[in-house]
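Asker: Input upload-v1.cif, format and content: mmCIF, C-alpha atoms.
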data_model
#
loop_
_atom_site.group_PDB
_atom_site.id
_atom_site.type_symbol
_atom_site.label_atom_id
_atom_site.label_comp_id
_atom_site.auth_asym_id
_atom_site.auth_seq_id
_atom_site.Cartn_x
_atom_site.Cartn_y
_atom_site.Cartn_z
ATOM 1 C CA MET H 58 -5.307 -29.857 -35.372
ATOM 2 C CA THR H 59 -2.336 -29.492 -32.983
ATOM 3 C CA ALA H 60 1.036 -31.218 -33.328
ATOM 4 C CA MET H 61 0.254 -33.334 -30.273
ATOM 5 C CA THR H 62 -3.029 -34.514 -31.823
ATOM 6 C CA ARG H 63 -1.373 -35.326 -35.151
ATOM 7 C CA ARG H 64 1.343 -37.330 -33.343
ATOM 8 C CA GLY H 65 -1.306 -39.344 -31.516
ATOM 9 C CA LEU H 66 -3.066 -40.196 -34.799
ATOM 10 C CA PHE H 67 0.224 -41.184 -36.417
ATOM 11 C CA ARG H 68 1.003 -43.552 -33.560
ATOM 12 C CA SER H 69 -2.374 -45.247 -33.902
ATOM 13 C CA ALA H 70 -1.922 -45.728 -37.666
ATOM 14 C CA ALA H 71 1.708 -46.825 -37.737
ATOM 15 C CA GLY H 72 1.450 -49.428 -34.996
ATOM 16 C CA ALA H 73 4.394 -50.852 -33.075
ATOM 17 C CA SER H 74 7.124 -49.246 -35.213
ATOM 18 C CA ALA H 75 5.894 -45.782 -34.227
ATOM 19 C CA VAL H 76 5.966 -46.753 -30.557
ATOM 20 C CA LEU H 77 9.590 -47.894 -30.870
ATOM 21 C CA LEU H 78 10.525 -44.651 -32.618
ATOM 22 C CA ALA H 79 8.902 -42.597 -29.862
ATOM 23 C CA ALA H 80 10.762 -44.585 -27.206
ATOM 24 C CA SER H 81 14.065 -43.954 -29.034
ATOM 25 C CA VAL H 82 13.419 -40.184 -29.137
ATOM 26 C CA THR H 83 12.555 -40.174 -25.429
ATOM 27 C CA ALA H 84 15.783 -41.960 -24.538
ATOM 28 C CA CYS H 85 17.767 -39.473 -26.647
ATOM 29 C CA ASP H 86 16.105 -36.530 -24.911
ATOM 30 C CA ALA H 87 16.928 -38.003 -21.513
ATOM 31 C CA ALA H 88 20.616 -38.202 -22.439
ATOM 32 C CA GLU H 89 20.806 -34.467 -23.260
ATOM 33 C CA PRO H 90 21.070 -31.713 -20.617
ATOM 34 C CA ALA H 91 17.638 -30.605 -19.378
ATOM 35 C CA ALA H 92 16.427 -27.453 -21.097
ATOM 36 C CA ASP H 93 14.703 -24.583 -19.278
ATOM 37 C CA SER H 94 11.074 -25.663 -19.108
ATOM 38 C CA THR H 95 9.812 -22.224 -18.127
ATOM 39 C CA GLU H 96 7.488 -20.940 -20.798
ATOM 40 C CA PRO H 97 6.466 -17.319 -21.328
ATOM 41 C CA GLY H 98 3.854 -16.393 -18.729
ATOM 42 C CA ALA H 99 4.862 -19.274 -16.427
ATOM 43 C CA ALA H 100 7.296 -17.222 -14.326
ATOM 44 C CA ALA H 101 6.963 -17.397 -10.549
ATOM 45 C CA GLU H 102 4.249 -15.090 -9.240
ATOM 46 C CA THR H 103 5.440 -11.904 -7.516
ATOM 47 C CA PRO H 104 4.472 -12.029 -3.815
ATOM 48 C CA THR H 105 1.721 -9.548 -2.962
ATOM 49 C CA ILE H 106 1.547 -7.566 0.281
ATOM 50 C CA THR H 107 -2.083 -6.783 1.106
ATOM 51 C CA VAL H 108 -2.551 -3.544 3.032
ATOM 52 C CA PHE H 109 -5.765 -2.476 4.763
ATOM 53 C CA ALA H 110 -5.468 1.251 5.502
ATOM 54 C CA ALA H 111 -7.644 4.135 6.633
ATOM 55 C CA ALA H 112 -9.264 6.004 3.747
ATOM 56 C CA SER H 113 -7.511 9.217 4.786
ATOM 57 C CA MET H 114 -4.174 7.647 3.810
ATOM 58 C CA GLU H 115 -5.094 6.848 0.215
ATOM 59 C CA GLU H 116 -3.072 9.537 -1.564
ATOM 60 C CA SER H 117 0.023 9.518 0.628
ATOM 61 C CA LEU H 118 0.250 5.753 1.195
ATOM 62 C CA THR H 119 -0.233 5.014 -2.504
ATOM 63 C CA LYS H 120 2.701 7.302 -3.267
ATOM 64 C CA ALA H 121 4.856 5.791 -0.511
ATOM 65 C CA GLY H 122 3.903 2.323 -1.745
ATOM 66 C CA GLY H 123 5.195 3.180 -5.200
ATOM 67 C CA LEU H 124 8.556 4.098 -3.708
ATOM 68 C CA PHE H 125 8.579 0.831 -1.765
ATOM 69 C CA THR H 126 7.989 -1.339 -4.828
ATOM 70 C CA ASP H 127 10.573 0.654 -6.794
ATOM 71 C CA ALA H 128 13.120 -0.260 -4.138
ATOM 72 C CA ASN H 129 11.717 -3.778 -3.627
ATOM 73 C CA PRO H 130 10.618 -5.073 -7.042
ATOM 74 C CA GLN H 131 10.258 -8.582 -5.617
ATOM 75 C CA TYR H 132 6.945 -7.443 -4.064
ATOM 76 C CA GLU H 133 3.635 -6.108 -5.300
ATOM 77 C CA LEU H 134 1.224 -4.092 -3.164
ATOM 78 C CA SER H 135 -2.538 -4.419 -2.982
ATOM 79 C CA PHE H 136 -4.404 -1.669 -1.102
ATOM 80 C CA ASN H 137 -7.822 -1.713 0.526
ATOM 81 C CA PHE H 138 -8.752 1.804 1.673
ATOM 82 C CA ASP H 139 -11.898 2.303 3.742
ATOM 83 C CA SER H 140 -13.061 3.395 7.175
ATOM 84 C CA SER H 141 -11.068 1.781 9.959
ATOM 85 C CA GLY H 142 -14.250 0.264 11.376
ATOM 86 C CA THR H 143 -15.080 -1.416 8.075
ATOM 87 C CA LEU H 144 -11.522 -2.706 7.704
ATOM 88 C CA LYS H 145 -11.537 -4.052 11.258
ATOM 89 C CA THR H 146 -14.756 -5.950 10.510
ATOM 90 C CA GLN H 147 -13.334 -7.376 7.281
ATOM 91 C CA ILE H 148 -10.252 -8.624 9.119
ATOM 92 C CA GLU H 149 -12.399 -10.118 11.872
ATOM 93 C CA GLU H 150 -14.456 -11.942 9.227
ATOM 94 C CA GLY H 151 -11.349 -13.561 7.756
ATOM 95 C CA ALA H 152 -10.241 -11.273 4.927
ATOM 96 C CA ALA H 153 -6.626 -11.906 3.886
ATOM 97 C CA CYS H 154 -4.520 -8.998 5.128
ATOM 98 C CA ASP H 155 -0.824 -8.507 5.820
ATOM 99 C CA VAL H 156 -0.720 -4.968 7.227
ATOM 100 C CA PHE H 157 -3.409 -2.915 8.978
ATOM 101 C CA ILE H 158 -3.133 0.855 9.495
ATOM 102 C CA SER H 159 -6.008 2.387 11.410
ATOM 103 C CA ALA H 160 -6.997 6.040 11.806
ATOM 104 C CA GLY H 161 -7.639 5.404 15.483
ATOM 105 C CA GLN H 162 -6.348 3.265 18.317
ATOM 106 C CA LEU H 163 -9.771 1.759 19.056
ATOM 107 C CA GLN H 164 -10.004 -0.402 15.930
ATOM 108 C CA MET H 165 -6.451 -1.694 16.367
ATOM 109 C CA ASN H 166 -7.024 -2.327 20.083
ATOM 110 C CA GLN H 167 -10.122 -4.374 19.289
ATOM 111 C CA LEU H 168 -7.991 -6.799 17.255
ATOM 112 C CA ASP H 169 -5.004 -6.933 19.625
ATOM 113 C CA ALA H 170 -4.899 -9.702 22.241
ATOM 114 C CA GLU H 171 -2.346 -7.691 24.225
ATOM 115 C CA ASP H 172 -4.593 -4.624 24.447
ATOM 116 C CA THR H 173 -4.697 -3.221 27.984
ATOM 117 C CA THR H 174 -7.300 -0.490 27.440
ATOM 118 C CA GLY H 175 -10.304 -2.776 27.675
ATOM 119 C CA ASP H 176 -11.300 -2.123 24.051
ATOM 120 C CA ASN H 177 -10.809 -5.777 23.048
ATOM 121 C CA VAL H 178 -14.054 -6.941 24.618
ATOM 122 C CA ASP H 179 -14.304 -9.976 22.317
ATOM 123 C CA ASN H 180 -10.792 -11.214 23.100
ATOM 124 C CA LEU H 181 -9.784 -11.117 19.436
ATOM 125 C CA ASP H 182 -6.245 -12.098 18.463
ATOM 126 C CA PHE H 183 -5.516 -10.854 14.956
ATOM 127 C CA VAL H 184 -2.654 -8.374 15.448
ATOM 128 C CA ASP H 185 1.026 -9.250 15.702
ATOM 129 C CA SER H 186 1.484 -7.095 18.794
ATOM 130 C CA ALA H 187 5.277 -7.090 18.528
ATOM 131 C CA SER H 188 5.045 -5.368 15.141
ATOM 132 C CA ARG H 189 2.653 -2.635 16.275
ATOM 133 C CA PHE H 190 3.749 1.001 16.423
ATOM 134 C CA ASP H 191 2.273 4.490 16.083
ATOM 135 C CA ILE H 192 3.091 5.692 12.598
ATOM 136 C CA LEU H 193 1.331 9.052 12.092
ATOM 137 C CA GLU H 194 -0.548 11.885 13.727
ATOM 138 C CA ASN H 195 -3.321 13.796 11.983
ATOM 139 C CA LYS H 196 -5.529 16.756 12.910
ATOM 140 C CA VAL H 197 -9.308 16.958 12.954
ATOM 141 C CA ALA H 198 -10.325 19.925 10.823
ATOM 142 C CA LEU H 199 -13.436 21.980 10.177
ATOM 143 C CA ALA H 200 -13.628 22.395 6.402
ATOM 144 C CA VAL H 201 -15.985 24.510 4.300
ATOM 145 C CA PRO H 202 -17.027 24.548 0.638
ATOM 146 C CA GLU H 203 -15.522 26.978 -1.838
ATOM 147 C CA GLY H 204 -16.400 30.552 -0.899
ATOM 148 C CA ASN H 205 -17.597 29.488 2.571
ATOM 149 C CA PRO H 206 -21.223 30.552 1.877
ATOM 150 C CA LYS H 207 -22.241 30.214 5.515
ATOM 151 C CA GLY H 208 -19.311 32.316 6.735
ATOM 152 C CA ILE H 209 -18.206 29.732 9.291
ATOM 153 C CA GLU H 210 -15.105 30.806 11.199
ATOM 154 C CA GLY H 211 -14.420 28.005 13.683
ATOM 155 C CA PHE H 212 -15.711 25.334 16.025
ATOM 156 C CA ASP H 213 -16.976 27.848 18.619
ATOM 157 C CA GLN H 214 -19.181 29.512 16.035
ATOM 158 C CA LEU H 215 -20.253 26.147 14.607
ATOM 159 C CA ALA H 216 -21.476 25.092 18.047
ATOM 160 C CA GLU H 217 -23.673 28.187 18.260
ATOM 161 C CA LEU H 218 -25.034 27.631 14.751
ATOM 162 C CA LEU H 219 -25.863 24.019 15.632
ATOM 163 C CA ARG H 220 -27.677 25.119 18.780
ATOM 164 C CA ALA H 221 -29.703 27.555 16.700
ATOM 165 C CA GLY H 222 -30.439 24.920 14.057
ATOM 166 C CA ASP H 223 -28.919 27.217 11.475
ATOM 167 C CA VAL H 224 -26.284 25.022 9.828
ATOM 168 C CA PHE H 225 -26.020 21.734 7.947
ATOM 169 C CA MET H 226 -22.903 19.772 8.916
ATOM 170 C CA ALA H 227 -21.431 16.515 7.598
ATOM 171 C CA MET H 228 -19.644 14.060 9.872
ATOM 172 C CA GLY H 229 -18.561 10.428 9.885
ATOM 173 C CA ASN H 230 -20.648 7.543 11.147
ATOM 174 C CA ALA H 231 -20.207 6.375 14.724
ATOM 175 C CA ASP H 232 -18.033 3.405 13.680
ATOM 176 C CA VAL H 233 -15.618 5.645 11.759
ATOM 177 C CA PRO H 234 -12.716 7.254 13.662
ATOM 178 C CA VAL H 235 -13.383 10.719 12.212
ATOM 179 C CA GLY H 236 -17.003 10.300 13.313
ATOM 180 C CA GLN H 237 -15.884 9.317 16.799
ATOM 181 C CA TYR H 238 -13.623 12.375 16.988
ATOM 182 C CA THR H 239 -16.568 14.536 15.877
ATOM 183 C CA GLN H 240 -18.778 12.990 18.547
ATOM 184 C CA ALA H 241 -16.157 13.974 21.116
ATOM 185 C CA ILE H 242 -16.219 17.553 19.798
ATOM 186 C CA LEU H 243 -20.017 17.704 20.047
ATOM 187 C CA GLU H 244 -19.807 16.383 23.601
ATOM 188 C CA PHE H 245 -17.122 18.979 24.390
ATOM 189 C CA TYR H 246 -19.634 21.696 23.461
ATOM 190 C CA GLY H 247 -22.501 19.969 25.276
ATOM 191 C CA LEU H 248 -24.401 19.276 22.061
ATOM 192 C CA ASP H 249 -26.874 16.405 21.611
ATOM 193 C CA GLU H 250 -25.918 14.598 18.406
ATOM 194 C CA ALA H 251 -29.137 12.582 18.121
ATOM 195 C CA ALA H 252 -31.304 15.686 18.555
ATOM 196 C CA LEU H 253 -29.253 17.603 15.983
ATOM 197 C CA ALA H 254 -29.511 14.760 13.487
ATOM 198 C CA GLN H 255 -33.272 14.539 14.029
ATOM 199 C CA ALA H 256 -33.542 18.303 13.507
ATOM 200 C CA GLY H 257 -31.782 17.969 10.144
ATOM 201 C CA CYS H 258 -28.575 19.728 11.167
ATOM 202 C CA ILE H 259 -26.298 16.711 10.653
ATOM 203 C CA THR H 260 -25.746 14.287 7.796
ATOM 204 C CA TYR H 261 -23.338 11.339 7.763
ATOM 205 C CA GLY H 262 -20.701 9.647 5.650
ATOM 206 C CA SER H 263 -19.501 6.042 5.869
ATOM 207 C CA ASN H 264 -15.868 7.175 5.743
ATOM 208 C CA VAL H 265 -13.910 10.410 5.697
ATOM 209 C CA LYS H 266 -13.798 10.498 1.886
ATOM 210 C CA GLU H 267 -17.593 10.590 1.742
ATOM 211 C CA VAL H 268 -17.711 13.474 4.214
ATOM 212 C CA THR H 269 -15.012 15.276 2.218
ATOM 213 C CA SER H 270 -17.017 14.823 -0.988
ATOM 214 C CA GLN H 271 -20.101 16.357 0.618
ATOM 215 C CA VAL H 272 -18.094 19.455 1.521
ATOM 216 C CA SER H 273 -16.411 19.634 -1.891
ATOM 217 C CA GLU H 274 -19.787 19.398 -3.640
ATOM 218 C CA ALA H 275 -21.250 22.056 -1.297
ATOM 219 C CA THR H 276 -24.181 19.833 -0.350
ATOM 220 C CA VAL H 277 -23.437 20.835 3.254
ATOM 221 C CA ASP H 278 -22.335 24.053 4.950
ATOM 222 C CA CYS H 279 -19.290 22.409 6.529
ATOM 223 C CA GLY H 280 -17.782 19.078 7.461
ATOM 224 C CA VAL H 281 -15.518 17.643 10.123
ATOM 225 C CA ILE H 282 -12.717 15.763 8.372
ATOM 226 C CA TYR H 283 -8.974 15.333 8.661
ATOM 227 C CA GLN H 284 -6.515 18.055 7.793
ATOM 228 C CA THR H 285 -4.906 15.696 5.275
ATOM 229 C CA ASP H 286 -8.170 15.073 3.405
ATOM 230 C CA ALA H 287 -8.885 18.793 3.267
ATOM 231 C CA PHE H 288 -5.432 19.334 1.773
ATOM 232 C CA SER H 289 -5.836 16.591 -0.826
ATOM 233 C CA ALA H 290 -9.284 17.889 -1.826
ATOM 234 C CA GLY H 291 -8.187 21.541 -1.928
ATOM 235 C CA LEU H 292 -10.699 22.557 0.748
ATOM 236 C CA THR H 293 -10.461 25.542 3.080
ATOM 237 C CA VAL H 294 -9.869 24.686 6.730
ATOM 238 C CA VAL H 295 -11.255 27.295 9.102
ATOM 239 C CA ASP H 296 -10.287 25.600 12.376
ATOM 240 C CA GLU H 297 -8.515 22.591 13.892
ATOM 241 C CA ALA H 298 -9.741 20.701 16.933
ATOM 242 C CA THR H 299 -7.499 20.704 19.986
ATOM 243 C CA ALA H 300 -6.540 17.630 21.986
ATOM 244 C CA ASP H 301 -8.912 18.821 24.728
ATOM 245 C CA MET H 302 -11.779 18.665 22.270
ATOM 246 C CA CYS H 303 -11.262 15.202 20.805
ATOM 247 C CA GLY H 304 -7.930 13.764 21.931
ATOM 248 C CA GLN H 305 -4.822 13.098 19.851
ATOM 249 C CA VAL H 306 -5.421 11.633 16.405
ATOM 250 C CA VAL H 307 -2.855 8.845 16.171
ATOM 251 C CA TYR H 308 -2.644 6.137 13.493
ATOM 252 C CA PRO H 309 -1.287 2.750 14.656
ATOM 253 C CA ALA H 310 0.199 0.253 12.181
ATOM 254 C CA ALA H 311 0.824 -3.473 12.576
ATOM 255 C CA ALA H 312 1.258 -6.734 10.743
ATOM 256 C CA LEU H 313 -1.447 -9.346 11.173
ATOM 257 C CA ARG H 314 -0.619 -12.458 13.174
ATOM 258 C CA GLU H 315 -1.755 -14.708 10.334
ATOM 259 C CA ALA H 316 -0.387 -12.499 7.554
ATOM 260 C CA PRO H 317 -0.167 -14.480 4.279
ATOM 261 C CA ASN H 318 3.113 -12.676 3.524
ATOM 262 C CA PRO H 319 4.838 -12.006 6.865
ATOM 263 C CA ASP H 320 8.233 -11.202 5.340
ATOM 264 C CA GLY H 321 6.650 -8.683 2.998
ATOM 265 C CA ALA H 322 4.636 -7.159 5.841
ATOM 266 C CA ALA H 323 7.783 -6.691 7.919
ATOM 267 C CA ALA H 324 9.654 -5.147 4.989
ATOM 268 C CA LEU H 325 6.849 -2.703 4.228
ATOM 269 C CA LEU H 326 6.406 -1.609 7.842
ATOM 270 C CA GLU H 327 10.149 -0.998 8.114
ATOM 271 C CA PHE H 328 10.039 1.113 4.939
ATOM 272 C CA LEU H 329 7.050 3.143 6.174
ATOM 273 C CA ARG H 330 9.053 4.183 9.237
ATOM 274 C CA GLY H 331 11.788 5.664 7.058
ATOM 275 C CA GLU H 332 12.512 9.076 5.573
ATOM 276 C CA GLU H 333 11.178 8.443 2.065
ATOM 277 C CA ALA H 334 7.758 7.358 3.251
ATOM 278 C CA SER H 335 7.663 10.061 5.924
ATOM 279 C CA ALA H 336 8.165 12.699 3.243
ATOM 280 C CA CYS H 337 5.084 11.396 1.397
ATOM 281 C CA PHE H 338 3.008 11.648 4.568
ATOM 282 C CA GLU H 339 4.295 15.108 5.458
ATOM 283 C CA GLU H 340 3.342 16.427 2.016
ATOM 284 C CA VAL H 341 -0.362 16.113 2.827
ATOM 285 C CA GLY H 342 -0.142 17.256 6.463
ATOM 286 C CA PHE H 343 0.549 14.108 8.486
ATOM 287 C CA THR H 344 3.136 14.215 11.265
ATOM 288 C CA PRO H 345 5.294 11.047 11.169
ATOM 289 C CA LEU H 346 5.766 9.590 14.632
ATOM 290 C CA SER H 347 8.373 6.908 13.998
ATOM 291 C CA ASP H 348 11.562 7.008 11.954
ATOM 292 C CA ALA H 349 13.577 3.891 11.060
#
Can the structure from this file be put into structure tokens for me?

Answerer:
Amino acid sequence: MTAMTRRGLFRSAAGASAVLLAASVTACDAAEPAADSTEPGAAAETPTITVFAAASMEESLTKAGGLFTDANPQYELSFNFDSSGTLKTQIEEGAACDVFISAGQLQMNQLDAEDTTGDNVDNLDFVDSASRFDILENKVALAVPEGNPKGIEGFDQLAELLRAGDVFMAMGNADVPVGQYTQAILEFYGLDEAALAQAGCITYGSNVKEVTSQVSEATVDCGVIYQTDAFSAGLTVVDEATADMCGQVVYPAAALREAPNPDGAAALLEFLRGEEASACFEEVGFTPLSDA
């Protein structure tokens, strides 16, 4: 039985005299200075900054985020890493998000009411356009399993092997930026993706980490991933795609217009433009595009 319960029973048994005593104690308490009513565990909750970021940023952004919270202990970070297409859909469906970093311009454009490319066909208005900037550049890489059993030397040779039906390649789905870059490479070489997939020459991953895993586990002869993912996974890169083959691989970053924590979003984006964060990105092969 708790003290509060015992006190209630005492009041019922003692009658009016107990009520008068309780009133006297209350009056005495009111005359004394108010004590700190904060109990252990009742401290104010630390504001959380929710970040939706391309899967290829997981290692480097997690490290940079640790530096941010070290310097800004008033904030906590919550990361959601996945394909940019999946993240874009989650945001569109109402998921709480403060900062979005995409592995391609398309997914950011589709959420930006000020987009001028024509990508925002649904007239969506989720991005705080004034906060948007290009944060990183990556490279599309052709990676092979340990030992390179197929002896693949580059994209030119890969194209010939695909034409001959003599290779098994992993790539990202069509709604994933790395998949879209790979589609551009196939088009550059005049290859029919659908026919290759039907012939059993291509398999898919829902994000770049899945494609990377297929290469690491040697379930495929090669995979088209990002240079940064190949570095993090310790994979051999035999070639890098040129801008002519698939365009420039640029990652835009922005706060969301309805960010639950706009001050935190602004603080984090400012930090990610700086030297400390840039060093984390450079370690895995990114090229920072904006310094604070």

Asker: Any chance you could work out the residue set of the PyMOL selection byres ((chain H and resi 151) around 12) here, as a list in words?

Answerer: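 Here the PyMOL selection byres ((chain H and resi 151) around 12) matches Leu144, Lys145, Thr146, Gln147, Ile148, Glu149, Glu150, Ala152, Ala153, Cys154, Asp155, Asp182, Phe183, Leu313, Glu315, Ala316 and Pro317 of chain H.
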
Asker: Applied to the shown file, which residues does the PyMOL selection byres ((chain H and resi 220) around 12) return, written as number ranges by chain?

Answerer: H: 213-219, 221-225, 243, 246-250, 252-254, 256-259

Asker: What does the PyMOL selection byres ((chain H and resi 185) around 12) select in this file, as an mmCIF file with C-alpha atoms, keeping the file's coordinate frame?

Answerer:
data_model
loop_
_atom_site.group_PDB
_atom_site.id
_atom_site.type_symbol
_atom_site.label_atom_id
_atom_site.label_comp_id
_atom_site.auth_asym_id
_atom_site.auth_seq_id
_atom_site.Cartn_x
_atom_site.Cartn_y
_atom_site.Cartn_z
ATOM 1 C CA CYS H 154 -4.520 -8.998 5.128
ATOM 2 C CA ASP H 155 -0.824 -8.507 5.820
ATOM 3 C CA VAL H 156 -0.720 -4.968 7.227
ATOM 4 C CA PHE H 157 -3.409 -2.915 8.978
ATOM 5 C CA MET H 165 -6.451 -1.694 16.367
ATOM 6 C CA ASN H 166 -7.024 -2.327 20.083
ATOM 7 C CA LEU H 168 -7.991 -6.799 17.255
ATOM 8 C CA ASP H 169 -5.004 -6.933 19.625
ATOM 9 C CA ALA H 170 -4.899 -9.702 22.241
ATOM 10 C CA GLU H 171 -2.346 -7.691 24.225
ATOM 11 C CA ASP H 172 -4.593 -4.624 24.447
ATOM 12 C CA LEU H 181 -9.784 -11.117 19.436
ATOM 13 C CA ASP H 182 -6.245 -12.098 18.463
ATOM 14 C CA PHE H 183 -5.516 -10.854 14.956
ATOM 15 C CA VAL H 184 -2.654 -8.374 15.448
ATOM 16 C CA SER H 186 1.484 -7.095 18.794
ATOM 17 C CA ALA H 187 5.277 -7.090 18.528
ATOM 18 C CA SER H 188 5.045 -5.368 15.141
ATOM 19 C CA ARG H 189 2.653 -2.635 16.275
ATOM 20 C CA PHE H 190 3.749 1.001 16.423
ATOM 21 C CA ALA H 310 0.199 0.253 12.181
ATOM 22 C CA ALA H 311 0.824 -3.473 12.576
ATOM 23 C CA ALA H 312 1.258 -6.734 10.743
ATOM 24 C CA LEU H 313 -1.447 -9.346 11.173
ATOM 25 C CA ARG H 314 -0.619 -12.458 13.174
ATOM 26 C CA GLU H 315 -1.755 -14.708 10.334
ATOM 27 C CA ALA H 316 -0.387 -12.499 7.554
ATOM 28 C CA PRO H 319 4.838 -12.006 6.865
ATOM 29 C CA ALA H 322 4.636 -7.159 5.841
ATOM 30 C CA ALA H 323 7.783 -6.691 7.919
#

Asker: At a cut-off of 9 Å, can you tabulate as JSON lines every residue of segment 265-332 of chain H near segment 114-120 of chain H together with its closest atom pair and the distance in Å to one decimal, using all atoms listed in the file and ordering rows by chain then number?

Answerer:
{"residue": "H:Thr285", "atom": "CA", "partner": "H:Met114", "partner_atom": "CA", "distance": 8.2}
{"residue": "H:Asp286", "atom": "CA", "partner": "H:Met114", "partner_atom": "CA", "distance": 8.4}
{"residue": "H:Ser289", "atom": "CA", "partner": "H:Glu116", "partner_atom": "CA", "distance": 7.6}
{"residue": "H:Leu329", "atom": "CA", "partner": "H:Leu118", "partner_atom": "CA", "distance": 8.8}

Asker: Using only C-alpha atoms, which of H:Val307, H:Ala227, H:Ile209, H:Ala241 sits nearest Ser273 of chain H?

Answerer: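 Checking each of H:Val307, H:Ala227, H:Ile209, H:Ala241 against Ser273 of chain H, counting only C-alpha atoms, the winner is H:Ala227.
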
Asker: Quick check, in Å to one decimal: how far apart do atom CA of Leu163 of chain H and atom CA of Ala231 of chain H lie?

Answerer: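 These atoms are spaced 12.2 Å apart.
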
Asker: Quick one: pull the distance between atom CA of Gln305 of chain H and atom CA of Gln237 of chain H, Å, one decimal.

Answerer: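 Calculated distance between atom CA of Gln305 of chain H and atom CA of Gln237 of chain H is 12.1 Å.
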
Asker: Can you find the residues with an atom no farther than 8 Å from (5.4, 6.0, 8.6), counting only C-alpha atoms, and report them as a list in words?

Answerer: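 Using only C-alpha atoms, the matching residues come out as Ile192, Leu193, Leu326, Phe328, Leu329, Arg330, Gly331, Ala334, Ser335, Phe338, Pro345, Leu346, Ser347 and Asp348 of chain H.
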
Asker: Which neighbours of Glu297 of chain H fall inside 9 Å, counting all atoms listed in the file, when residues of the same chain fewer than 3 positions from it are skipped, and could you give them as a ChimeraX atom specification?

Answerer: /H:196-199,211-212,283-284,294

Asker: Kindly complete segment 243-247 of chain H to all heavy atoms; the output should be written as a PDB file, keeping the file's coordinate frame.

Answerer:
ATOM      1  N   LEU H 243     -18.641  17.336  19.691  1.00  0.00           N
ATOM      2  CA  LEU H 243     -20.017  17.704  20.047  1.00  0.00           C
ATOM      3  C   LEU H 243     -20.233  17.605  21.554  1.00  0.00           C
ATOM      4  O   LEU H 243     -20.873  18.469  22.170  1.00  0.00           O
ATOM      5  CB  LEU H 243     -21.000  16.802  19.303  1.00  0.00           C
ATOM      6  CG  LEU H 243     -21.042  16.952  17.777  1.00  0.00           C
ATOM      7  CD1 LEU H 243     -21.974  15.907  17.164  1.00  0.00           C
ATOM      8  CD2 LEU H 243     -21.484  18.355  17.372  1.00  0.00           C
ATOM      9  N   GLU H 244     -19.693  16.547  22.146  1.00  0.00           N
ATOM     10  CA  GLU H 244     -19.807  16.383  23.601  1.00  0.00           C
ATOM     11  C   GLU H 244     -19.066  17.493  24.327  1.00  0.00           C
ATOM     12  O   GLU H 244     -19.529  17.994  25.364  1.00  0.00           O
ATOM     13  CB  GLU H 244     -19.253  15.016  24.003  1.00  0.00           C
ATOM     14  CG  GLU H 244     -19.451  14.683  25.467  1.00  0.00           C
ATOM     15  CD  GLU H 244     -18.982  13.276  25.813  1.00  0.00           C
ATOM     16  OE1 GLU H 244     -18.817  12.449  24.888  1.00  0.00           O
ATOM     17  OE2 GLU H 244     -18.783  13.011  27.013  1.00  0.00           O
ATOM     18  N   PHE H 245     -17.908  17.893  23.795  1.00  0.00           N
ATOM     19  CA  PHE H 245     -17.122  18.979  24.390  1.00  0.00           C
ATOM     20  C   PHE H 245     -17.958  20.256  24.490  1.00  0.00           C
ATOM     21  O   PHE H 245     -17.865  21.005  25.469  1.00  0.00           O
ATOM     22  CB  PHE H 245     -15.874  19.221  23.537  1.00  0.00           C
ATOM     23  CG  PHE H 245     -15.021  20.372  23.973  1.00  0.00           C
ATOM     24  CD1 PHE H 245     -14.088  20.229  24.997  1.00  0.00           C
ATOM     25  CD2 PHE H 245     -15.147  21.620  23.365  1.00  0.00           C
ATOM     26  CE1 PHE H 245     -13.284  21.298  25.390  1.00  0.00           C
ATOM     27  CE2 PHE H 245     -14.346  22.689  23.744  1.00  0.00           C
ATOM     28  CZ  PHE H 245     -13.418  22.526  24.762  1.00  0.00           C
ATOM     29  N   TYR H 246     -18.792  20.492  23.473  1.00  0.00           N
ATOM     30  CA  TYR H 246     -19.634  21.696  23.461  1.00  0.00           C
ATOM     31  C   TYR H 246     -21.008  21.463  24.080  1.00  0.00           C
ATOM     32  O   TYR H 246     -21.861  22.355  24.068  1.00  0.00           O
ATOM     33  CB  TYR H 246     -19.808  22.199  22.030  1.00  0.00           C
ATOM     34  CG  TYR H 246     -18.586  22.907  21.482  1.00  0.00           C
ATOM     35  CD1 TYR H 246     -17.744  22.281  20.577  1.00  0.00           C
ATOM     36  CD2 TYR H 246     -18.267  24.210  21.895  1.00  0.00           C
ATOM     37  CE1 TYR H 246     -16.620  22.925  20.073  1.00  0.00           C
ATOM     38  CE2 TYR H 246     -17.149  24.868  21.392  1.00  0.00           C
ATOM     39  CZ  TYR H 246     -16.327  24.218  20.482  1.00  0.00           C
ATOM     40  OH  TYR H 246     -15.206  24.859  19.989  1.00  0.00           O
ATOM     41  N   GLY H 247     -21.229  20.262  24.631  1.00  0.00           N
ATOM     42  CA  GLY H 247     -22.501  19.969  25.276  1.00  0.00           C
ATOM     43  C   GLY H 247     -23.660  19.856  24.305  1.00  0.00           C
ATOM     44  O   GLY H 247     -24.805  20.169  24.651  1.00  0.00           O
TER      45      GLY H 247
END
